[in-house]
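Q: Here you go, input-v7.cif (mmCIF, C-alpha atoms):
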data_query
#
loop_
_atom_site.label_atom_id
_atom_site.label_comp_id
_atom_site.auth_asym_id
_atom_site.auth_seq_id
_atom_site.Cartn_x
_atom_site.Cartn_y
_atom_site.Cartn_z
CA MET A 410 0.00 0.00 0.00
CA GLU A 411 1.36 3.41 -0.92
CA ALA A 412 2.17 5.52 2.10
CA SER A 413 0.29 8.45 0.60
CA LYS A 414 -2.94 6.50 0.76
CA ILE A 415 -2.83 6.20 4.53
CA ARG A 416 -4.78 9.02 6.11
CA LYS A 417 -2.89 10.97 8.77
CA LEU A 418 -3.40 10.96 12.54
CA SER A 419 -2.60 14.00 14.65
CA GLY A 420 -3.62 15.81 17.78
CA GLY A 421 -1.19 15.52 20.68
CA VAL A 422 -1.67 17.57 23.84
CA ASN A 423 0.88 18.96 26.27
CA GLN A 424 -1.22 19.42 29.42
CA SER A 425 -0.20 17.53 32.52
CA GLY A 426 -2.08 14.40 33.51
CA VAL A 427 -2.75 13.19 29.96
CA ARG A 428 0.22 10.93 29.41
CA ALA A 429 -2.07 7.98 28.72
CA HIS A 430 -3.66 9.93 25.88
CA ASN A 431 -0.30 10.75 24.32
CA GLU A 432 0.90 7.18 24.69
CA ARG A 433 -2.22 5.89 22.96
CA LEU A 434 -1.88 8.47 20.21
CA LEU A 435 1.76 7.56 19.62
CA LEU A 436 1.00 3.84 19.51
CA SER A 437 -1.93 4.49 17.17
CA LEU A 438 0.28 6.51 14.83
CA ILE A 439 2.85 3.75 14.62
CA GLN A 440 0.16 1.09 14.25
CA ARG A 441 -1.36 3.02 11.37
CA HIS A 442 1.73 4.29 9.55
CA GLY A 443 4.47 1.85 10.56
CA GLY A 444 7.81 2.60 12.19
CA MET A 445 8.68 6.28 12.63
CA SER A 446 11.46 8.29 14.19
CA GLY A 447 10.97 10.44 17.23
CA VAL A 448 11.31 13.59 15.12
CA GLU A 449 8.55 12.46 12.75
CA LEU A 450 6.31 11.46 15.65
CA ALA A 451 6.84 14.83 17.32
CA ARG A 452 5.86 16.59 14.09
CA ARG A 453 2.70 14.53 13.63
CA MET A 454 1.65 14.81 17.28
CA GLY A 455 2.41 18.49 17.65
CA LEU A 456 4.62 17.83 20.68
CA SER A 457 8.21 18.77 21.42
CA PRO A 458 10.91 16.20 20.56
CA PRO A 459 11.95 15.87 24.23
CA ALA A 460 8.35 15.12 25.24
CA VAL A 461 8.06 12.45 22.57
CA SER A 462 11.47 11.02 23.50
CA THR A 463 10.27 10.54 27.07
CA ILE A 464 7.18 8.66 25.91
CA LEU A 465 9.23 6.51 23.55
CA ARG A 466 11.65 5.51 26.30
CA LYS A 467 8.80 4.48 28.57
CA LEU A 468 7.02 2.45 25.91
CA GLU A 469 10.28 0.77 24.90
CA THR A 470 11.01 -0.08 28.55
CA ASP A 471 7.49 -1.49 28.85
CA GLY A 472 8.22 -3.74 25.88
CA LEU A 473 5.53 -2.22 23.65
CA LEU A 474 7.99 -0.66 21.19
CA ARG A 475 11.28 -1.76 19.71
CA ARG A 476 13.95 -0.09 17.62
CA GLY A 477 13.80 -0.73 13.90
CA ALA A 478 16.58 -0.91 11.35
CA PRO A 479 18.48 2.39 10.90
CA VAL A 480 17.41 4.49 7.91
CA ARG A 481 20.36 6.26 6.34
CA GLY A 482 19.87 9.60 4.63
CA LYS A 483 22.27 11.64 2.54
CA VAL A 484 23.67 13.58 5.49
CA GLY A 485 23.82 13.26 9.27
CA LYS A 486 23.30 10.30 11.51
CA PRO A 487 20.98 7.49 10.43
CA SER A 488 17.40 7.76 11.70
CA ILE A 489 16.20 5.01 14.06
CA PRO A 490 12.48 4.33 13.59
CA MET A 491 10.47 3.00 16.50
CA GLU A 492 8.00 0.24 15.72
CA LEU A 493 5.47 -1.89 17.55
CA ASN A 494 7.00 -4.90 19.25
CA PRO A 495 5.00 -7.90 17.98
CA GLU A 496 5.62 -9.70 21.27
CA GLY A 497 4.67 -6.68 23.35
CA VAL A 498 1.00 -7.67 23.61
CA PHE A 499 -0.98 -10.84 22.92
CA SER A 500 -4.72 -11.44 22.93
CA PHE A 501 -7.23 -14.18 22.18
CA GLY A 502 -10.19 -13.78 19.86
CA LEU A 503 -13.30 -15.98 19.66
CA LYS A 504 -15.82 -15.80 16.85
CA ILE A 505 -19.21 -17.43 17.46
CA GLY A 506 -20.70 -18.19 14.07
CA ARG A 507 -23.83 -19.87 12.77
CA ARG A 508 -21.99 -23.04 11.71
CA SER A 509 -18.58 -22.75 13.33
CA ALA A 510 -16.50 -21.19 16.07
CA ASP A 511 -12.91 -20.00 15.74
CA LEU A 512 -10.39 -19.15 18.43
CA LEU A 513 -7.03 -17.56 17.69
CA LEU A 514 -4.00 -15.97 19.31
CA LEU A 515 -3.05 -12.53 17.94
CA ASP A 516 0.07 -10.47 18.53
CA PHE A 517 0.48 -6.69 18.73
CA VAL A 518 0.89 -6.21 14.96
CA GLY A 519 -2.08 -8.40 13.98
CA GLN A 520 -0.28 -11.62 13.14
CA VAL A 521 -2.09 -14.86 13.97
CA HIS A 522 0.15 -17.25 15.91
CA ALA A 523 -2.22 -20.17 16.45
CA ARG A 524 -5.87 -21.03 15.98
CA ARG A 525 -8.50 -23.63 16.74
CA HIS A 526 -11.65 -24.35 14.71
CA ALA A 527 -14.87 -26.19 15.52
CA THR A 528 -18.03 -26.86 13.53
CA TYR A 529 -21.53 -27.64 14.78
CA ASP A 530 -25.13 -27.70 13.68
CA TYR A 531 -26.03 -24.83 16.01
CA PRO A 532 -23.94 -22.78 18.46
CA LEU A 533 -25.44 -23.93 21.74
CA PRO A 534 -23.86 -22.41 24.88
CA GLU A 535 -22.39 -25.63 26.25
CA THR A 536 -20.81 -26.39 22.89
CA VAL A 537 -19.26 -22.96 22.47
CA PHE A 538 -17.91 -22.61 26.00
CA GLY A 539 -16.63 -26.19 25.95
CA PHE A 540 -14.71 -25.39 22.77
CA LEU A 541 -13.42 -22.15 24.26
CA ARG A 542 -12.17 -23.81 27.43
CA THR A 543 -10.39 -26.61 25.58
CA GLY A 544 -9.01 -24.21 22.98
CA LEU A 545 -7.60 -21.81 25.56
CA ASP A 546 -5.93 -24.68 27.39
CA ASP A 547 -4.32 -25.88 24.17
CA LEU A 548 -3.12 -22.45 23.06
CA LEU A 549 -1.83 -21.47 26.50
CA ALA A 550 0.11 -24.73 26.79
CA ASP A 551 2.04 -23.80 23.64
CA MET A 552 2.92 -20.28 24.84
CA SER A 553 6.03 -19.34 26.75
CA ALA A 554 5.73 -17.90 30.26
CA ALA A 555 6.88 -14.53 28.92
CA SER A 556 4.17 -14.49 26.25
CA ARG A 557 1.47 -15.54 28.71
CA ALA A 558 2.48 -12.65 30.95
CA ARG A 559 1.70 -10.26 28.08
CA LEU A 560 -1.83 -11.49 27.42
CA CYS A 561 -4.23 -8.55 27.69
CA GLY A 562 -7.60 -10.24 27.31
CA LEU A 563 -10.12 -12.30 25.38
CA GLY A 564 -12.31 -10.67 22.75
CA ILE A 565 -15.56 -12.41 21.83
CA GLY A 566 -17.35 -11.57 18.60
CA ALA A 567 -20.97 -12.74 18.56
CA PRO A 568 -24.12 -11.69 16.69
CA PHE A 569 -26.32 -9.14 18.40
CA GLU A 570 -29.21 -10.90 20.22
CA LEU A 571 -27.82 -14.30 19.28
CA TRP A 572 -30.83 -16.11 20.71
CA LYS A 573 -33.19 -14.64 18.11
CA TRP A 574 -31.73 -16.17 14.95
CA ASN A 575 -32.47 -19.89 14.95
CA ASP A 576 -34.83 -22.25 13.19
CA LEU A 577 -34.83 -24.98 15.80
CA VAL A 578 -37.92 -26.49 17.39
CA GLY A 579 -38.61 -28.29 20.65
CA ALA A 580 -35.95 -28.86 23.27
CA PRO A 581 -33.02 -27.64 21.08
CA ALA A 582 -34.85 -24.34 20.55
CA GLU A 583 -35.20 -23.88 24.31
CA LYS A 584 -31.47 -24.48 24.75
CA PHE A 585 -30.68 -21.99 22.01
CA ARG A 586 -32.84 -19.33 23.60
CA SER A 587 -30.85 -19.78 26.78
CA TRP A 588 -28.23 -17.49 25.20
CA LYS A 589 -30.45 -14.61 26.34
CA ASN A 590 -29.51 -15.28 29.96
CA VAL A 591 -25.83 -16.04 29.39
CA ASP A 592 -23.36 -13.77 31.17
CA PHE A 593 -20.17 -14.14 29.14
CA ASP A 594 -17.95 -12.73 31.89
CA GLN A 595 -19.26 -15.25 34.39
CA GLU A 596 -19.01 -18.18 32.00
CA VAL A 597 -15.41 -17.41 31.05
CA ALA A 598 -14.49 -16.77 34.69
CA LYS A 599 -15.26 -20.44 35.41
CA PHE A 600 -12.04 -21.44 33.64
CA SER A 601 -10.03 -18.26 32.91
CA ASP A 602 -9.12 -15.00 34.64
CA LEU A 603 -8.64 -13.12 31.37
CA PRO A 604 -10.72 -9.94 31.03
CA VAL A 605 -13.51 -10.38 28.47
CA PHE A 606 -14.36 -7.82 25.79
CA MET A 607 -17.66 -8.40 23.98
CA VAL A 608 -18.27 -6.99 20.50
CA ASN A 609 -20.75 -7.58 17.72
CA ASP A 610 -19.20 -10.06 15.27
CA SER A 611 -19.64 -7.85 12.22
CA THR A 612 -18.31 -4.84 14.12
CA SER A 613 -15.27 -6.92 15.02
CA ALA A 614 -14.76 -7.77 11.33
CA CYS A 615 -14.91 -4.05 10.57
CA ARG A 616 -12.25 -3.37 13.21
CA ALA A 617 -9.98 -6.02 11.73
CA GLU A 618 -10.25 -4.36 8.32
CA HIS A 619 -9.68 -0.95 9.87
CA LEU A 620 -6.57 -1.92 11.82
CA TYR A 621 -4.96 -4.48 9.53
CA GLY A 622 -6.56 -4.05 6.12
CA ARG A 623 -7.63 -1.34 3.71
CA GLY A 624 -9.34 0.73 6.37
CA LYS A 625 -6.16 2.79 6.68
CA GLU A 626 -6.93 4.35 3.31
CA PHE A 627 -10.16 6.05 4.41
CA ARG A 628 -11.37 8.41 7.10
CA ASP A 629 -15.07 7.48 6.99
CA TYR A 630 -16.60 4.40 5.39
CA ALA A 631 -19.23 1.71 5.76
CA TYR A 632 -18.29 -1.96 5.80
CA PHE A 633 -20.34 -5.00 4.81
CA PHE A 634 -19.33 -8.50 5.89
CA VAL A 635 -21.23 -11.29 4.13
CA GLY A 636 -21.32 -14.28 6.47
CA SER A 637 -24.04 -16.80 7.23
CA PHE A 638 -25.91 -13.62 8.04
CA ILE A 639 -24.75 -10.35 6.51
CA GLY A 640 -23.72 -7.61 8.92
CA GLY A 641 -21.56 -4.55 8.93
CA GLY A 642 -19.86 -1.72 10.68
CA ILE A 643 -19.14 1.96 10.24
CA VAL A 644 -15.95 3.97 10.64
CA MET A 645 -15.98 7.67 11.46
CA ASN A 646 -13.04 9.89 12.24
CA HIS A 647 -10.59 7.01 11.75
CA THR A 648 -12.30 4.84 14.39
CA VAL A 649 -14.85 2.04 14.30
CA PHE A 650 -18.00 3.52 15.79
CA GLU A 651 -19.89 1.06 17.99
CA GLY A 652 -22.75 3.29 19.08
CA ASN A 653 -24.55 3.78 22.36
CA GLN A 654 -25.35 0.09 22.84
CA GLY A 655 -22.59 -1.45 20.71
CA ASN A 656 -24.93 -2.06 17.78
CA ALA A 657 -24.06 0.77 15.39
CA GLY A 658 -23.65 -0.38 11.83
CA ALA A 659 -26.32 -3.08 12.06
CA LEU A 660 -26.49 -3.01 8.28
CA GLY A 661 -28.04 -6.47 8.03
CA SER A 662 -31.25 -5.01 9.43
CA MET A 663 -31.66 -2.54 6.56
CA ARG A 664 -34.86 -2.85 4.57
CA ALA A 665 -34.79 -4.92 1.39
CA THR A 666 -37.32 -6.46 -0.98
CA GLY A 667 -38.15 -10.16 -1.12
CA PRO A 668 -38.76 -12.20 -4.32
CA LEU A 669 -42.49 -11.43 -4.22
CA GLY A 670 -42.04 -7.76 -3.53
CA GLU A 671 -42.56 -8.13 0.20
CA SER A 672 -40.58 -6.10 2.73
CA ARG A 673 -37.61 -8.01 4.13
CA GLN A 674 -34.35 -7.29 5.88
CA LEU A 675 -31.03 -7.33 4.05
CA ILE A 676 -30.05 -10.30 6.19
CA ASP A 677 -32.84 -12.33 4.52
CA VAL A 678 -31.76 -11.68 0.93
CA ALA A 679 -27.99 -11.02 0.94
CA SER A 680 -26.50 -13.65 3.24
CA ILE A 681 -24.69 -16.93 2.65
CA HIS A 682 -27.55 -18.81 4.32
CA VAL A 683 -29.60 -18.00 1.20
CA LEU A 684 -27.04 -19.82 -0.94
CA GLU A 685 -26.83 -22.61 1.64
CA SER A 686 -30.57 -23.21 1.43
CA ARG A 687 -30.41 -23.47 -2.34
CA ILE A 688 -27.67 -26.06 -2.41
CA VAL A 689 -29.38 -28.07 0.33
CA GLU A 690 -32.51 -28.15 -1.83
CA ALA A 691 -30.31 -29.48 -4.64
CA GLY A 692 -29.15 -32.34 -2.40
CA ILE A 693 -25.62 -30.99 -1.87
CA ASN A 694 -23.88 -31.14 1.51
CA PRO A 695 -23.57 -27.50 2.65
CA ASP A 696 -20.36 -28.22 4.56
CA VAL A 697 -18.48 -27.43 1.35
CA LEU A 698 -19.27 -23.75 1.99
CA TRP A 699 -17.46 -23.75 5.34
CA SER A 700 -14.54 -26.13 4.77
CA HIS A 701 -10.95 -24.86 4.85
CA PRO A 702 -9.32 -24.05 2.52
CA GLN A 703 -12.41 -22.66 0.81
CA ASP A 704 -13.20 -23.79 -2.71
CA TRP A 705 -16.59 -22.96 -4.23
CA SER A 706 -15.64 -23.75 -7.83
CA ALA A 707 -17.89 -26.81 -7.97
CA LEU A 708 -20.89 -24.70 -6.93
CA SER A 709 -20.77 -22.13 -9.74
CA ARG A 710 -24.25 -23.12 -10.96
CA TYR A 711 -25.67 -21.88 -7.65
CA VAL A 712 -23.11 -19.21 -6.75
CA GLU A 713 -23.48 -17.13 -9.92
CA PRO A 714 -27.20 -16.29 -9.50
CA TRP A 715 -26.63 -15.73 -5.79
CA ILE A 716 -23.92 -13.16 -6.52
CA GLY A 717 -26.24 -11.49 -8.99
CA GLN A 718 -28.96 -11.19 -6.38
CA ILE A 719 -26.92 -9.93 -3.46
CA SER A 720 -24.87 -7.51 -5.57
CA GLN A 721 -28.07 -5.67 -6.51
CA GLU A 722 -29.13 -5.57 -2.87
CA LEU A 723 -25.71 -4.32 -1.76
CA ALA A 724 -25.75 -1.59 -4.40
CA LYS A 725 -29.05 -0.28 -3.05
CA ALA A 726 -27.94 -0.68 0.57
CA SER A 727 -24.70 1.19 -0.12
CA LEU A 728 -26.57 4.23 -1.36
CA SER A 729 -29.02 4.04 1.52
CA VAL A 730 -26.14 4.13 4.00
CA CYS A 731 -24.59 7.10 2.23
CA SER A 732 -27.87 9.02 2.42
CA VAL A 733 -27.41 9.14 6.19
CA LEU A 734 -23.65 9.66 6.42
CA ASP A 735 -21.61 10.91 3.50
CA PHE A 736 -19.19 7.98 3.39
CA GLU A 737 -16.31 8.19 0.95
CA ALA A 738 -16.23 4.42 0.45
CA ILE A 739 -18.05 1.16 0.97
CA LEU A 740 -15.86 -1.86 1.76
CA ILE A 741 -17.17 -5.37 1.13
CA ASP A 742 -15.74 -8.62 2.48
CA GLY A 743 -17.08 -11.95 3.63
CA ALA A 744 -16.68 -15.57 4.62
CA PHE A 745 -16.04 -16.72 1.08
CA PRO A 746 -13.10 -17.25 -1.29
CA ALA A 747 -11.28 -14.13 -2.48
CA GLU A 748 -12.41 -14.62 -6.07
CA ILE A 749 -16.06 -14.59 -4.95
CA ARG A 750 -15.47 -11.34 -3.05
CA ASP A 751 -13.80 -9.72 -6.07
CA GLU A 752 -16.63 -10.73 -8.40
CA LEU A 753 -19.21 -9.45 -5.93
CA VAL A 754 -17.47 -6.08 -5.62
CA GLU A 755 -17.26 -5.70 -9.39
CA ARG A 756 -20.97 -6.49 -9.77
CA VAL A 757 -21.90 -3.95 -7.08
CA ARG A 758 -19.87 -1.31 -8.91
CA ARG A 759 -21.78 -2.01 -12.11
CA TYR A 760 -25.20 -2.05 -10.48
CA ILE A 761 -24.69 1.13 -8.51
CA VAL A 762 -24.18 3.08 -11.73
CA ASN A 763 -27.80 2.38 -12.69
CA GLN A 764 -29.29 3.35 -9.32
CA ASP A 765 -31.13 6.62 -8.69
CA THR A 766 -28.45 8.75 -7.05
CA ARG A 767 -30.23 12.10 -6.96
CA GLY A 768 -28.99 14.10 -3.99
CA LEU A 769 -26.17 11.63 -3.32
CA ILE A 770 -22.47 11.37 -4.08
CA SER A 771 -21.82 7.77 -5.09
CA PRO A 772 -19.18 6.17 -2.85
CA ARG A 773 -16.22 4.14 -3.99
CA ILE A 774 -16.99 0.43 -3.83
CA GLU A 775 -13.90 -1.44 -2.66
CA ALA A 776 -12.98 -4.96 -1.62
CA GLY A 777 -11.91 -5.67 1.94
CA SER A 778 -8.63 -7.51 2.38
CA VAL A 779 -8.71 -9.42 5.68
CA GLY A 780 -11.10 -12.11 4.47
CA THR A 781 -12.80 -15.04 6.15
CA ASN A 782 -10.95 -14.65 9.47
CA ALA A 783 -11.91 -11.00 9.93
CA ARG A 784 -14.41 -11.62 12.75
CA GLU A 785 -12.07 -13.55 15.03
CA ILE A 786 -9.11 -11.28 14.23
CA GLY A 787 -11.26 -8.26 15.03
CA ALA A 788 -12.48 -9.87 18.23
CA ALA A 789 -8.89 -10.47 19.32
CA SER A 790 -8.00 -6.87 18.52
CA SER A 791 -10.72 -5.55 20.82
CA PRO A 792 -8.72 -5.97 24.08
CA VAL A 793 -5.70 -4.38 22.37
CA PHE A 794 -7.69 -1.44 21.05
CA ARG A 795 -9.43 -0.81 24.37
CA GLN A 796 -6.22 -0.79 26.38
CA PHE A 797 -3.53 0.58 24.07
CA LEU A 798 -4.92 2.53 21.11
CA LEU A 799 -6.84 5.78 20.78
CA ASP A 800 -10.60 5.88 20.23
CA THR A 801 -11.23 9.18 18.47
CA ASN A 802 -14.98 8.76 18.92
CA ALA A 803 -14.61 8.72 22.69
CA GLY A 804 -13.99 12.46 22.81
CA LEU A 805 -10.30 12.16 23.60
CA ALA A 806 -9.03 13.99 20.52
CA ALA A 807 -9.37 14.32 16.79
CA MET A 808 -6.94 12.39 14.66
#
Give the structure from the file, written as structure tokens.

A:
Amino acid sequence: MEASKIRKLSGGVNQSGVRAHNERLLLSLIQRHGGMSGVELARRMGLSPPAVSTILRKLETDGLLRRGAPVRGKVGKPSIPMELNPEGVFSFGLKIGRRSADLLLLDFVGQVHARRHATYDYPLPETVFGFLRTGLDDLLADMSAASRARLCGLGIGAPFELWKWNDLVGAPAEKFRSWKNVDFDQEVAKFSDLPVFMVNDSTSACRAEHLYGRGKEFRDYAYFFVGSFIGGGIVMNHTVFEGNQGNAGALGSMRATGPLGESRQLIDVASIHVLESRIVEAGINPDVLWSHPQDWSALSRYVEPWIGQISQELAKASLSVCSVLDFEAILIDGAFPAEIRDELVERVRRYIVNQDTRGLISPRIEAGSVGTNAREIGAASSPVFRQFLLDTNAGLAAM
């Protein structure tokens, strides 16, 4: 990615008692732009070089930063950039999906070190927490004592009001509805003392794209993630905006039109479960949609019309989102192979040209880059973001 495409962060403050703010801002700058020298950081933050030098020394002593390779210029001493120390912070991320759960270990720069995967017919509480407990034991056993000491938490990405989206009947349905009374902190505390950070699964995917993908190119954008159930997120002022109750960007609940002209939600007409239903009706095992590595080439007869349908819906939804907030871009990703994502994005671009855009500025339609693992990566980044990076929507500062 060209450096010029990465939008700038700025806004340091010199008042006493705000060191945590300046530390978060500095870490956020390096996370966004890569390694930088103290002089460059001072310029971007609007602070004096000595003030920045003091912060850098502390963060290096704390193990959060490390010195990069010297950069030699034409004159003078070589510049020493400071960069995030990958081993400075670790976190776990759990994604609770419709057909599968994924648990992974993430480092400070967004690299996945280990992961565990489980499939099921439905994500019942005992199944999910059993998988989480076993998975944490396995991953912790493979970590060094030094790495375990730098664990900052467990992020859990789950659909909003999980208990409402099931098609079970009888006793299984009653078990599924028990999610409504589940206290995640209490359940995890039965086998782990890690702090728990809950986030909507699609919001977590949006955060993964924002921190580790193409989100660095834009200041404000909307993000669609096409999973079993489509969802999304929104980014404003360089930060994923979660809203008053953590449900901002619930794009799957946008109004759409069903095959008979009836009013539906986007989740009903632009999700992978629509494709899954069609291949089940054709007598094909739907597990092929969720197997790793993903390969949908044998399903082209069913995938092509599905892409055609959801691309039209996403084109309309993209403009609807932009009628509320003037987003510069719409990013699209999902739990499907990269070639499916690229074809979907291209179709949305074509369809949006023919939409009624009176009073609107059509956004750029772009492909996300994190892919299938975005939800669990974003979940794992939640403890890191909450404790080390700057949330510009929390009123701390403008970047």

Q: How many Å lie between atom CA of A:Arg759 and atom CA of A:Ala776, rounded to one decimal?

A: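 Taking atom CA of A:Arg759 and atom CA of A:Ala776, their separation equals 14.0 Å.
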
Q: Hey, which of A:Ser637, A:Ala788, A:Pro714, A:Leu723 ends up closest to A:Gly743? Count all atoms listed in the file.

A: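 Once distances to A:Gly743 are computed over all atoms listed in the file, the minimum belongs to A:Ser637.
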
Q: Using only C-alpha atoms, pick whichever of A:Ile749, A:Ile676, A:Leu603, A:Val597 has the shortest atom-to-atom distance to A:Glu535.

A: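 Looking at the shortest contact to A:Glu535, the residue is A:Val597.
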
Q: Using the chain letters and numbering of this document, enumerate as a PyMOL selection string the residues selected by the PyMOL selection byres ((chain A and resi 644) around 12).

A: chain A and resi 612-620+624-633+641-643+645-652+657-658+734-740+800-802

Q: Expand the PyMOL selection byres ((chain A and resi 513) around 7) into the explicit residue set it covers here, and present it as a list in words.

A: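 Selection result, ordered by chain and number: Phe501, Gly502, Leu503, Asp511, Leu512, Leu514, Leu515, Val521, Ala523, Arg524, Arg525 and Glu785 of chain A.
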
Q: Could you jot down the atom CA of A:Leu545 to atom CA of A:Ser601 separation for me, Å, one decimal place?

A: 8.5 Å

Q: Hey, what comes out of the PyMOL selection byres ((chain A and resi 725) around 10) on this file? Could you write it as a compact mmCIF listing (two decimals) with C-alpha atoms, in the frame of the given file?

A:
# COMPACT_ATOMS: atom_id res chain seq x y z
CA ARG A 664 -34.86 -2.85 4.57
CA ALA A 665 -34.79 -4.92 1.39
CA ILE A 719 -26.92 -9.93 -3.46
CA SER A 720 -24.87 -7.51 -5.57
CA GLN A 721 -28.07 -5.67 -6.51
CA GLU A 722 -29.13 -5.57 -2.87
CA LEU A 723 -25.71 -4.32 -1.76
CA ALA A 724 -25.75 -1.59 -4.40
CA ALA A 726 -27.94 -0.68 0.57
CA SER A 727 -24.70 1.19 -0.12
CA LEU A 728 -26.57 4.23 -1.36
CA SER A 729 -29.02 4.04 1.52
CA VAL A 730 -26.14 4.13 4.00
CA VAL A 757 -21.90 -3.95 -7.08
CA TYR A 760 -25.20 -2.05 -10.48
CA ILE A 761 -24.69 1.13 -8.51
CA GLN A 764 -29.29 3.35 -9.32
CA ASP A 765 -31.13 6.62 -8.69
CA THR A 766 -28.45 8.75 -7.05

Q: Any idea what the distance is between atom CA of A:Gly506 and atom CA of A:Leu798?

A: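 Going from atom CA of A:Gly506 over to atom CA of A:Leu798, I get 27.0 Å.
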
Q: Just checking: using only C-alpha atoms, which residue out of A:Asp704, A:Asp594, A:Val448, A:Asp696 ends up closest to A:Tyr529?

A: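 The closest residue to A:Tyr529 is A:Asp696.
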
Q: Using the file's own x, y and z axes, so that the box edges lie along x, y and z, what centre and edge lengths in Å (one decimal) does a box around every listed atom of stretch 648-663 of chain A get when 3 Å is added on each side? Give it as JSON.

A:
{"center_x": -22.0, "center_y": -0.8, "center_z": 14.7, "size_x": 25.4, "size_y": 17.3, "size_z": 22.3}

Q: For A:Val591, please output as a list in words all residues within 12 Å (counting all atoms listed in the file; exclusion window: fewer than 3 positions along the same chain).

A: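 Within the cut-off, the hits are Leu533, Pro534, Glu535, Val537, Phe538, Glu570, Leu571, Trp572, Lys584, Phe585, Arg586, Ser587, Trp588, Asp594, Gln595, Glu596 and Val597 of chain A.
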
Q: Neighbours of A:Val754 within 7 Å (only C-alpha atoms; same-chain residues fewer than 5 positions away dropped), as a ChimeraX atom specification?

A: /A:741,774-776
